[in-house]
file final.cif (mmCIF, C-alpha atoms)
data_start
loop_
_atom_site.label_atom_id
_atom_site.label_comp_id
_atom_site.auth_asym_id
_atom_site.auth_seq_id
_atom_site.Cartn_x
_atom_site.Cartn_y
_atom_site.Cartn_z
CA MET C 1 -173.20 5.45 -168.41
CA LEU C 2 -175.76 2.77 -167.61
CA PRO C 3 -179.36 3.46 -168.61
CA PRO C 4 -181.79 3.57 -165.67
CA ARG C 5 -183.76 0.40 -165.17
CA ASP C 6 -187.02 2.25 -165.79
CA ARG C 7 -185.81 2.93 -169.34
CA LEU C 8 -185.46 -0.76 -170.10
CA PRO C 9 -188.96 -1.88 -171.07
CA ASP C 10 -189.81 -5.46 -170.14
CA VAL C 11 -191.63 -6.36 -173.35
CA LEU C 12 -190.13 -9.72 -174.32
CA PRO C 13 -190.93 -12.33 -175.47
CA THR C 14 -193.10 -11.47 -178.46
CA GLU C 15 -194.40 -13.50 -181.38
CA ARG C 16 -191.16 -12.76 -183.28
CA LEU C 17 -188.58 -12.48 -180.49
CA THR C 18 -187.62 -14.70 -177.58
CA ALA C 19 -187.11 -13.53 -174.00
CA THR C 20 -183.48 -12.65 -174.75
CA GLY C 21 -184.31 -10.73 -177.92
CA ARG C 22 -183.17 -13.42 -180.35
CA PRO C 23 -185.58 -14.04 -183.21
CA VAL C 24 -187.83 -17.07 -182.98
CA PRO C 25 -186.68 -19.94 -185.26
CA PRO C 26 -188.64 -19.04 -188.44
CA VAL C 27 -187.52 -15.40 -188.28
CA ARG C 28 -183.97 -16.35 -187.37
CA GLU C 29 -183.76 -18.77 -190.27
CA GLU C 30 -184.54 -15.91 -192.63
CA LEU C 31 -182.07 -13.52 -190.99
CA ARG C 32 -179.37 -16.20 -190.73
CA ARG C 33 -178.96 -16.67 -194.51
CA ILE C 34 -175.40 -16.06 -195.69
CA PRO C 35 -175.09 -14.49 -199.18
CA ASN C 36 -171.98 -16.26 -200.43
CA ALA C 37 -171.68 -14.52 -203.81
CA ARG C 38 -172.13 -11.05 -202.32
CA ASN C 39 -169.52 -11.81 -199.67
CA VAL C 40 -167.03 -12.86 -202.36
CA VAL C 41 -167.51 -9.44 -203.96
CA THR C 42 -167.18 -7.76 -200.56
CA THR C 43 -163.93 -9.59 -199.80
CA VAL C 44 -162.47 -8.67 -203.18
CA GLY C 45 -163.61 -5.11 -202.50
CA VAL C 46 -161.40 -4.94 -199.42
CA TYR C 47 -158.36 -5.59 -201.60
CA VAL C 48 -159.51 -3.14 -204.27
CA GLN C 49 -159.98 -0.42 -201.66
CA SER C 50 -156.69 -1.01 -199.85
CA PHE C 51 -154.30 -1.57 -202.75
CA GLY C 52 -156.28 0.90 -204.83
CA VAL C 53 -155.57 3.63 -202.29
CA ILE C 54 -151.85 2.86 -202.47
CA ALA C 55 -151.89 2.75 -206.28
CA ALA C 56 -153.66 6.10 -206.38
CA ALA C 57 -151.03 7.67 -204.10
CA VAL C 58 -148.23 6.38 -206.32
CA THR C 59 -149.98 7.56 -209.48
CA ILE C 60 -150.57 11.06 -208.11
CA GLY C 61 -147.08 11.16 -206.66
CA ARG C 62 -147.63 14.20 -204.44
CA TRP C 63 -146.86 14.37 -200.72
CA TRP C 64 -150.50 15.03 -199.82
CA ALA C 65 -151.57 11.89 -201.71
CA TYR C 66 -149.28 9.79 -199.49
CA VAL C 67 -150.63 11.49 -196.35
CA ALA C 68 -154.19 10.77 -197.46
CA ALA C 69 -153.25 7.17 -198.27
CA PHE C 70 -151.62 6.77 -194.85
CA VAL C 71 -154.85 7.77 -193.12
CA LEU C 72 -157.07 5.75 -195.46
CA MET C 73 -154.95 2.65 -194.94
CA GLY C 74 -155.80 2.79 -191.25
CA ARG C 75 -159.40 2.46 -192.36
CA ALA C 76 -158.37 -0.37 -194.70
CA HIS C 77 -157.13 -2.37 -191.72
CA ALA C 78 -160.53 -1.83 -190.13
CA LEU C 79 -162.07 -3.44 -193.22
CA TYR C 80 -159.78 -6.48 -192.98
CA ASN C 81 -160.37 -6.88 -189.25
CA ILE C 82 -164.13 -6.49 -189.33
CA LEU C 83 -164.60 -8.93 -192.19
CA GLY C 84 -162.22 -11.24 -190.33
CA HIS C 85 -164.55 -10.87 -187.34
CA GLU C 86 -167.42 -11.99 -189.56
CA ALA C 87 -165.43 -15.07 -190.54
CA ALA C 88 -164.58 -15.75 -186.89
CA HIS C 89 -168.33 -16.00 -186.29
CA ARG C 90 -168.53 -18.41 -189.26
CA LEU C 91 -170.84 -16.00 -191.05
CA LEU C 92 -168.78 -15.04 -194.10
CA PHE C 93 -169.36 -18.21 -196.15
CA THR C 94 -171.59 -21.22 -195.62
CA ARG C 95 -168.76 -23.69 -196.30
CA LYS C 96 -166.61 -23.90 -193.16
CA GLN C 97 -163.39 -24.52 -195.05
CA ALA C 98 -163.86 -21.53 -197.33
CA ASN C 99 -164.97 -19.34 -194.44
CA ASP C 100 -161.95 -20.17 -192.31
CA ARG C 101 -159.37 -20.07 -195.08
CA VAL C 102 -160.50 -16.69 -196.32
CA GLY C 103 -160.92 -15.37 -192.79
CA ARG C 104 -157.49 -16.63 -191.79
CA TRP C 105 -155.23 -16.03 -194.80
CA LEU C 106 -156.90 -13.23 -196.75
CA LEU C 107 -158.41 -11.10 -193.97
CA SER C 108 -156.88 -11.68 -190.53
CA TYR C 109 -153.22 -12.44 -191.23
CA PRO C 110 -152.77 -9.44 -193.57
CA SER C 111 -153.75 -7.26 -190.62
CA PHE C 112 -151.65 -9.15 -188.02
CA THR C 113 -154.63 -10.87 -186.36
CA PRO C 114 -154.13 -14.48 -185.16
CA PHE C 115 -157.45 -15.75 -186.47
CA ASP C 116 -157.94 -18.88 -184.36
CA LEU C 117 -156.79 -17.26 -181.12
CA TYR C 118 -159.02 -14.29 -181.87
CA ARG C 119 -161.99 -16.59 -182.50
CA ARG C 120 -161.58 -18.30 -179.12
CA SER C 121 -161.19 -15.07 -177.19
CA HIS C 122 -164.00 -13.38 -179.05
CA MET C 123 -166.41 -16.21 -178.33
CA ALA C 124 -165.49 -15.80 -174.64
CA HIS C 125 -166.33 -12.11 -175.03
CA HIS C 126 -169.79 -12.94 -176.34
CA LYS C 127 -170.38 -15.62 -173.73
CA ASP C 128 -170.04 -13.23 -170.79
CA GLU C 129 -169.51 -9.58 -171.65
CA MET C 130 -167.68 -7.71 -168.86
CA GLY C 131 -167.36 -10.95 -166.89
CA PRO C 132 -164.21 -12.20 -165.11
CA GLU C 133 -162.98 -14.01 -168.24
CA GLU C 134 -163.65 -11.07 -170.57
CA PRO C 135 -160.60 -11.00 -172.89
CA ASP C 136 -161.13 -7.44 -174.15
CA LYS C 137 -161.70 -5.79 -170.80
CA GLN C 138 -158.45 -3.82 -170.94
CA LEU C 139 -159.80 -1.88 -173.92
CA TYR C 140 -162.91 -0.49 -172.27
CA ALA C 141 -162.74 -1.14 -168.52
CA GLY C 142 -162.95 1.75 -166.08
CA TYR C 143 -164.94 4.19 -168.20
CA PRO C 144 -165.87 6.97 -167.87
CA ILE C 145 -162.33 8.29 -167.37
CA PRO C 146 -160.81 11.79 -167.12
CA PHE C 147 -160.27 13.49 -170.44
CA ASP C 148 -156.50 13.70 -169.88
CA SER C 149 -156.35 9.91 -169.48
CA PHE C 150 -158.44 9.44 -172.60
CA ARG C 151 -156.14 11.73 -174.56
CA ARG C 152 -153.05 9.87 -173.36
CA LYS C 153 -154.49 6.55 -174.51
CA LEU C 154 -155.25 7.90 -177.97
CA THR C 155 -151.84 9.60 -178.15
CA ARG C 156 -150.09 6.32 -177.39
CA ASP C 157 -152.13 4.68 -180.14
CA ALA C 158 -151.42 7.42 -182.66
CA LEU C 159 -147.67 7.52 -181.90
CA PHE C 160 -147.07 3.79 -182.53
CA VAL C 161 -146.69 2.83 -178.86
CA SER C 162 -149.61 0.39 -178.75
CA GLY C 163 -148.76 -1.01 -182.18
CA SER C 164 -145.12 -1.53 -181.19
CA LYS C 165 -146.19 -3.54 -178.15
CA ASN C 166 -148.41 -5.74 -180.31
CA LEU C 167 -145.64 -6.25 -182.86
CA LYS C 168 -143.10 -7.16 -180.16
CA ALA C 169 -145.55 -9.67 -178.67
CA LEU C 170 -145.94 -11.25 -182.09
CA GLY C 171 -142.18 -11.41 -182.45
CA ARG C 172 -141.85 -13.13 -179.07
CA ALA C 173 -144.53 -15.61 -180.14
CA LEU C 174 -142.31 -16.52 -183.09
CA LEU C 175 -139.66 -17.74 -180.62
CA LYS C 176 -142.00 -20.03 -178.68
CA PRO C 177 -142.61 -23.57 -179.98
CA SER C 178 -146.27 -23.44 -178.96
CA SER C 179 -147.02 -20.32 -181.01
CA ARG C 180 -144.29 -20.39 -183.65
CA ARG C 181 -146.48 -21.82 -186.40
CA LEU C 182 -149.22 -19.24 -185.98
CA ALA C 183 -146.84 -16.28 -185.68
CA GLY C 184 -144.84 -17.63 -188.61
CA SER C 185 -147.97 -17.77 -190.76
CA ILE C 186 -148.74 -14.13 -190.03
CA PHE C 187 -145.18 -13.05 -190.81
CA ALA C 188 -145.23 -15.18 -193.98
CA VAL C 189 -148.28 -13.28 -195.23
CA GLN C 190 -146.55 -10.00 -194.39
CA LEU C 191 -143.53 -11.12 -196.42
CA VAL C 192 -145.81 -11.85 -199.38
CA ILE C 193 -147.24 -8.33 -199.14
CA LEU C 194 -143.73 -6.87 -198.84
CA GLY C 195 -142.66 -8.95 -201.82
CA ALA C 196 -145.58 -7.64 -203.88
CA PHE C 197 -144.41 -4.09 -203.23
CA ALA C 198 -140.80 -5.05 -203.93
CA VAL C 199 -141.74 -6.47 -207.32
CA THR C 200 -142.99 -3.02 -208.30
CA GLY C 201 -139.67 -1.52 -207.22
CA ARG C 202 -141.29 0.27 -204.28
CA TRP C 203 -140.60 -1.93 -201.23
CA TRP C 204 -140.80 1.16 -199.03
CA LEU C 205 -144.56 1.28 -199.56
CA TYR C 206 -144.88 -1.65 -197.14
CA PRO C 207 -143.53 0.13 -194.03
CA LEU C 208 -144.98 3.49 -195.06
CA LEU C 209 -148.49 2.57 -196.20
CA TRP C 210 -149.14 -0.88 -194.76
CA LEU C 211 -147.31 -1.38 -191.48
CA ALA C 212 -147.28 2.18 -190.16
CA PRO C 213 -151.04 2.82 -190.60
CA TRP C 214 -151.75 -0.46 -188.80
CA MET C 215 -149.51 0.64 -185.93
CA SER C 216 -151.14 4.05 -185.57
CA VAL C 217 -154.35 5.03 -187.38
CA TRP C 218 -155.91 1.60 -187.02
CA LYS C 219 -155.07 1.48 -183.30
CA VAL C 220 -156.86 4.79 -182.77
CA LEU C 221 -159.91 3.65 -184.74
CA ASN C 222 -159.99 0.32 -182.94
CA ARG C 223 -159.95 1.91 -179.48
CA LEU C 224 -162.60 4.47 -180.40
CA ARG C 225 -164.85 1.74 -181.75
CA ALA C 226 -164.30 -0.63 -178.83
CA ILE C 227 -165.14 1.89 -176.14
CA ALA C 228 -168.17 3.02 -178.14
CA GLU C 229 -169.38 -0.57 -178.04
CA HIS C 230 -168.89 -1.40 -174.37
CA GLY C 231 -167.19 1.44 -172.47
CA GLY C 232 -168.87 2.17 -169.14
CA MET C 233 -171.24 -0.78 -169.33
CA THR C 234 -171.60 -3.69 -166.91
CA ARG C 235 -172.00 -7.46 -166.72
CA SER C 236 -175.63 -8.45 -167.27
CA PRO C 237 -177.80 -10.98 -169.13
CA ASP C 238 -179.63 -7.91 -170.52
CA ARG C 239 -177.54 -6.82 -173.50
CA ARG C 240 -178.85 -3.27 -173.14
CA LEU C 241 -176.61 -3.03 -170.06
CA THR C 242 -173.52 -4.50 -171.75
CA THR C 243 -173.58 -2.78 -175.14
CA HIS C 244 -174.23 0.75 -176.37
CA HIS C 245 -176.28 1.67 -179.39
CA VAL C 246 -175.29 4.68 -181.48
CA ARG C 247 -177.28 6.19 -184.33
CA GLN C 248 -175.45 5.36 -187.54
CA ASN C 249 -174.36 7.83 -190.19
CA ARG C 250 -172.38 7.47 -193.40
CA LEU C 251 -169.21 9.12 -192.11
CA ALA C 252 -168.93 6.80 -189.10
CA ARG C 253 -169.75 3.76 -191.21
CA PHE C 254 -167.03 4.71 -193.68
CA TRP C 255 -164.25 5.35 -191.18
CA MET C 256 -164.86 3.22 -188.14
CA VAL C 257 -167.83 0.85 -188.27
CA PRO C 258 -168.11 -0.56 -191.82
CA TYR C 259 -170.09 -3.69 -192.60
CA ASN C 260 -172.88 -2.75 -190.16
CA THR C 261 -170.59 -3.08 -187.14
CA GLY C 262 -172.33 -0.07 -185.64
CA TRP C 263 -175.48 -2.12 -185.02
CA HIS C 264 -173.53 -3.70 -182.21
CA LEU C 265 -176.34 -4.13 -179.72
CA ALA C 266 -178.20 -6.27 -182.27
CA HIS C 267 -174.99 -8.25 -182.84
CA HIS C 268 -174.72 -9.04 -179.13
CA VAL C 269 -178.38 -9.97 -178.91
CA ASP C 270 -177.79 -12.61 -181.59
CA SER C 271 -174.21 -13.10 -182.73
CA GLY C 272 -175.32 -15.66 -185.32
CA ILE C 273 -176.85 -13.05 -187.63
CA PRO C 274 -174.68 -12.04 -190.63
CA PHE C 275 -173.69 -8.38 -190.79
CA ARG C 276 -176.01 -7.57 -193.69
CA ASN C 277 -179.07 -8.41 -191.58
CA LEU C 278 -178.12 -6.69 -188.33
CA PRO C 279 -180.15 -3.56 -189.22
CA LYS C 280 -183.19 -5.81 -189.76
CA LEU C 281 -182.74 -7.40 -186.33
CA HIS C 282 -182.36 -3.93 -184.84
CA GLU C 283 -185.65 -2.92 -186.47
CA GLU C 284 -187.32 -5.98 -184.93
CA LEU C 285 -186.04 -4.96 -181.48
CA VAL C 286 -187.27 -1.40 -181.96
CA ALA C 287 -190.66 -2.56 -183.23
CA ALA C 288 -191.04 -4.77 -180.16
CA GLY C 289 -190.37 -1.76 -177.91
CA TRP C 290 -187.23 -3.36 -176.43
CA ILE C 291 -184.91 -0.69 -177.83
CA VAL C 292 -186.25 2.77 -177.12
CA PRO C 293 -184.98 6.23 -178.19
CA GLU C 294 -183.57 6.93 -174.73
CA LEU C 295 -181.01 4.15 -175.21
CA GLU C 296 -179.61 5.63 -178.42
CA TYR C 297 -176.70 8.06 -178.60
CA PRO C 298 -177.20 10.59 -181.43
CA ASN C 299 -173.64 10.10 -182.70
CA TYR C 300 -170.25 8.75 -181.66
CA ARG C 301 -168.97 12.15 -180.57
CA ALA C 302 -171.69 12.37 -177.94
CA LEU C 303 -170.78 8.95 -176.58
CA TRP C 304 -167.04 9.68 -176.53
CA ARG C 305 -167.71 12.94 -174.65
CA ALA C 306 -169.65 10.98 -172.03
CA LEU C 307 -166.89 8.37 -171.78
CA ALA C 308 -164.18 11.01 -171.32
CA ALA C 309 -166.02 13.14 -168.79
CA GLY C 310 -165.06 11.26 -165.64
#

call {"tool": "encode", "arguments": {"input": "final.cif", "output": "structure tokens"}}
result
Amino acid sequence: MLPPRDRLPDVLPTERLTATGRPVPPVREELRRIPNARNVVTTVGVYVQSFGVIAAAVTIGRWWAYVAAFVLMGRAHALYNILGHEAAHRLLFTRKQANDRVGRWLLSYPSFTPFDLYRRSHMAHHKDEMGPEEPDKQLYAGYPIPFDSFRRKLTRDALFVSGSKNLKALGRALLKPSSRRLAGSIFAVQLVILGAFAVTGRWWLYPLLWLAPWMSVWKVLNRLRAIAEHGGMTRSPDRRLTTHHVRQNRLARFWMVPYNTGWHLAHHVDSGIPFRNLPKLHEELVAAGWIVPELEYPNYRALWRALAAG
């Protein structure tokens, strides 16, 4: 899975990039700007897309509409989680209080993510990818793996096994004094969502089109995205050896890597760049000759085939 060393051009630093690939201060200042108003619209858009899907299913009232909504709500949880990830990096809004409150209460808790714990573990992930303290290693360690093992992992995700484990862990956290407040906050937000459905006389929409997609479709999407980011890579100060790059297309960006998440190598080169400017940083890295065509997978299917060919 690792690119040969002779395919990793030693071209840095340049006039615009430092030795690690991060932009020099004047360029970084430009790329680091956070568009507050646009991000307000984007955050509202997450709610429009998720509750709009559910409203459309109810309006149509046919079985196939509910099946389509079930699948699309798995994508909706990806939207909540990835914007929550942006907030965890303090890149959603310039005001810390607004950034954290929105990231915590409106994005992470609705999708069962303990925002502050996630922030700490995710910063550890960026500090030393694939290192001994890597908190996400269980998601993508050991690749490539046999196809049968890959299929079993995805089957467990699709059949609620992984989601059930996560939900039970959250329930246990509710019983511990040290984590009760955090777990209680997440469950409180879930009760608000359940209550919103109950007010419409359709409480059953919560387990059917909110909880169940999170426990299944989202878990599949999350695993596929995670291994596409770091599966089969290794610990290294050179981010080209820790993180894959996959050519982006509209279908993948819709289902699995919205908000420019697919430019993940650029994100790991400089995790302080807001998602809207990651393609620009990627272009800088390509222009410098640091990212070359040989490093790019043509699509996610090609990468998953390589990861499941062990």

call {"tool": "atom_distance", "arguments": {"input": "final.cif", "atom1": "CA of Arg305 in chain C", "atom2": "CA of Arg5 in chain C"}}
result
22.5 Å

call {"tool": "closest_residue", "arguments": {"input": "final.cif", "among": "C:Lys168, C:Arg16, C:Asn299, C:Val58", "to": "Glu29 in chain C", "atoms": "all atoms listed in the file"}}
result
C:Arg16

call {"tool": "atom_distance", "arguments": {"input": "final.cif", "atom1": "CA of Val46 in chain C", "atom2": "CA of His230 in chain C"}}
result
26.4 Å

call {"tool": "closest_residue", "arguments": {"input": "final.cif", "among": "C:Arg247, C:Arg22, C:His267, C:Arg225", "to": "His89 in chain C", "atoms": "all atoms listed in the file"}}
result
C:His267

call {"tool": "resolve_selection", "arguments": {"input": "final.cif", "expression": "the PyMOL selection byres ((chain C and resi 159) around 12)", "output": "PyMOL selection string"}}
result
chain C and resi 151-158+160-165+212-220

call {"tool": "closest_residue", "arguments": {"input": "final.cif", "among": "C:Leu175, C:Ala306, C:Val246, C:Leu79", "to": "Pro293 in chain C", "atoms": "all atoms listed in the file"}}
result
C:Val246

call {"tool": "resolve_selection", "arguments": {"input": "final.cif", "expression": "the PyMOL selection byres ((chain C and resi 91) around 10)", "output": "list in words"}}
result
Arg32, Arg33, Ile34, Pro35, Asn36, Asn39, Leu83, Gly84, His85, Glu86, Ala87, Ala88, His89, Arg90, Leu92, Phe93, Thr94, Arg95, Lys96, Asn99, Asp100, Ser271, Gly272, Ile273, Pro274 and Phe275 of chain C

call {"tool": "closest_residue", "arguments": {"input": "final.cif", "among": "C:Pro114, C:Gly231, C:Gly103, C:Pro298", "to": "Tyr143 in chain C", "atoms": "all atoms listed in the file"}}
result
C:Gly231

call {"tool": "closest_residue", "arguments": {"input": "final.cif", "among": "C:His126, C:Arg119, C:Asn249, C:Arg301", "to": "Leu265 in chain C", "atoms": "only C-alpha atoms"}}
result
C:His126

call {"tool": "resolve_selection", "arguments": {"input": "final.cif", "expression": "the PyMOL selection byres ((chain C and resi 185-202) around 8)", "output": "compact mmCIF listing (two decimals) with C-alpha atoms, in the frame of the given file"}}
result
# COMPACT_ATOMS: atom_id res chain seq x y z
CA TRP C 105 -155.23 -16.03 -194.80
CA TYR C 109 -153.22 -12.44 -191.23
CA PRO C 110 -152.77 -9.44 -193.57
CA PHE C 112 -151.65 -9.15 -188.02
CA THR C 113 -154.63 -10.87 -186.36
CA PRO C 114 -154.13 -14.48 -185.16
CA ARG C 181 -146.48 -21.82 -186.40
CA LEU C 182 -149.22 -19.24 -185.98
CA ALA C 183 -146.84 -16.28 -185.68
CA GLY C 184 -144.84 -17.63 -188.61
CA TRP C 203 -140.60 -1.93 -201.23
CA TRP C 204 -140.80 1.16 -199.03
CA LEU C 205 -144.56 1.28 -199.56
CA TYR C 206 -144.88 -1.65 -197.14

call {"tool": "atom_distance", "arguments": {"input": "final.cif", "atom1": "CA of Phe150 in chain C", "atom2": "CA of Asp136 in chain C"}}
result
17.2 Å

call {"tool": "residues_around", "arguments": {"input": "final.cif", "residues": "His264 in chain C", "least_positions_apart": "3", "cutoff": "12 Å", "atoms": "all atoms listed in the file", "output": "number ranges by chain"}}
result
C: 126, 225-230, 239-240, 242-248, 257-261, 267-271, 273-275, 277-279, 281-282, 296

call {"tool": "residues_near_point", "arguments": {"input": "final.cif", "point": "(-185.2, -7.9, -177.9)", "cutoff": "10 Å", "atoms": "only C-alpha atoms", "output": "MDAnalysis selection string"}}
result
chainID C and resid 9:14 16:23 238:240 265:266 269:270 281:291

call {"tool": "closest_residue", "arguments": {"input": "final.cif", "among": "C:Leu170, C:Lys280, C:Asp148, C:Ser108", "to": "Ala78 in chain C", "atoms": "all atoms listed in the file"}}
result
C:Ser108

call {"tool": "residues_around", "arguments": {"input": "final.cif", "residues": "range 69-73 of chain C", "least_positions_apart": "4", "cutoff": "7 Å", "atoms": "all atoms listed in the file", "output": "list in words"}}
result
Ser50, Val53, Ile54, Ala57, Ala65, His77, Leu209, Trp210, Pro213 and Val217 of chain C

call {"tool": "build_atoms", "arguments": {"input": "final.cif", "residues": "range 14-29 of chain C", "atoms": "N, CA and C atoms", "output": "short mmCIF file (atom, residue, chain, number, x, y, z; two decimals), in the coordinates of the input"}}
result
data_model
loop_
_atom_site.label_atom_id
_atom_site.label_comp_id
_atom_site.auth_asym_id
_atom_site.auth_seq_id
_atom_site.Cartn_x
_atom_site.Cartn_y
_atom_site.Cartn_z
N THR C 14 -191.99 -11.80 -177.57
CA THR C 14 -193.10 -11.47 -178.46
C THR C 14 -193.28 -12.63 -179.44
N GLU C 15 -194.18 -12.45 -180.38
CA GLU C 15 -194.40 -13.50 -181.38
C GLU C 15 -193.18 -13.71 -182.25
N ARG C 16 -192.32 -12.67 -182.38
CA ARG C 16 -191.16 -12.76 -183.28
C ARG C 16 -189.82 -12.82 -182.55
N LEU C 17 -189.83 -12.51 -181.25
CA LEU C 17 -188.58 -12.48 -180.49
C LEU C 17 -188.72 -13.29 -179.21
N THR C 18 -187.63 -13.93 -178.82
CA THR C 18 -187.62 -14.70 -177.58
C THR C 18 -187.37 -13.76 -176.40
N ALA C 19 -187.30 -14.34 -175.21
CA ALA C 19 -187.11 -13.53 -174.00
C ALA C 19 -185.77 -12.81 -173.97
N THR C 20 -184.79 -13.30 -174.70
CA THR C 20 -183.48 -12.65 -174.75
C THR C 20 -183.35 -11.68 -175.92
N GLY C 21 -184.36 -11.61 -176.76
CA GLY C 21 -184.31 -10.73 -177.92
C GLY C 21 -183.95 -11.44 -179.21
N ARG C 22 -183.49 -12.68 -179.12
CA ARG C 22 -183.17 -13.42 -180.35
C ARG C 22 -184.45 -13.73 -181.11
N PRO C 23 -184.38 -13.72 -182.43
CA PRO C 23 -185.58 -14.04 -183.21
C PRO C 23 -186.02 -15.48 -182.97
N VAL C 24 -187.31 -15.70 -183.06
CA VAL C 24 -187.83 -17.07 -182.98
C VAL C 24 -187.35 -17.82 -184.22
N PRO C 25 -187.32 -19.16 -184.19
CA PRO C 25 -186.68 -19.94 -185.26
C PRO C 25 -187.06 -19.55 -186.68
N PRO C 26 -188.34 -19.37 -187.04
CA PRO C 26 -188.64 -19.04 -188.44
C PRO C 26 -188.04 -17.70 -188.87
N VAL C 27 -188.08 -16.71 -187.97
CA VAL C 27 -187.52 -15.40 -188.28
C VAL C 27 -186.00 -15.48 -188.33
N ARG C 28 -185.42 -16.22 -187.40
CA ARG C 28 -183.97 -16.35 -187.37
C ARG C 28 -183.45 -17.07 -188.61
N GLU C 29 -184.19 -18.05 -189.07
CA GLU C 29 -183.76 -18.77 -190.27
C GLU C 29 -183.64 -17.82 -191.46
#
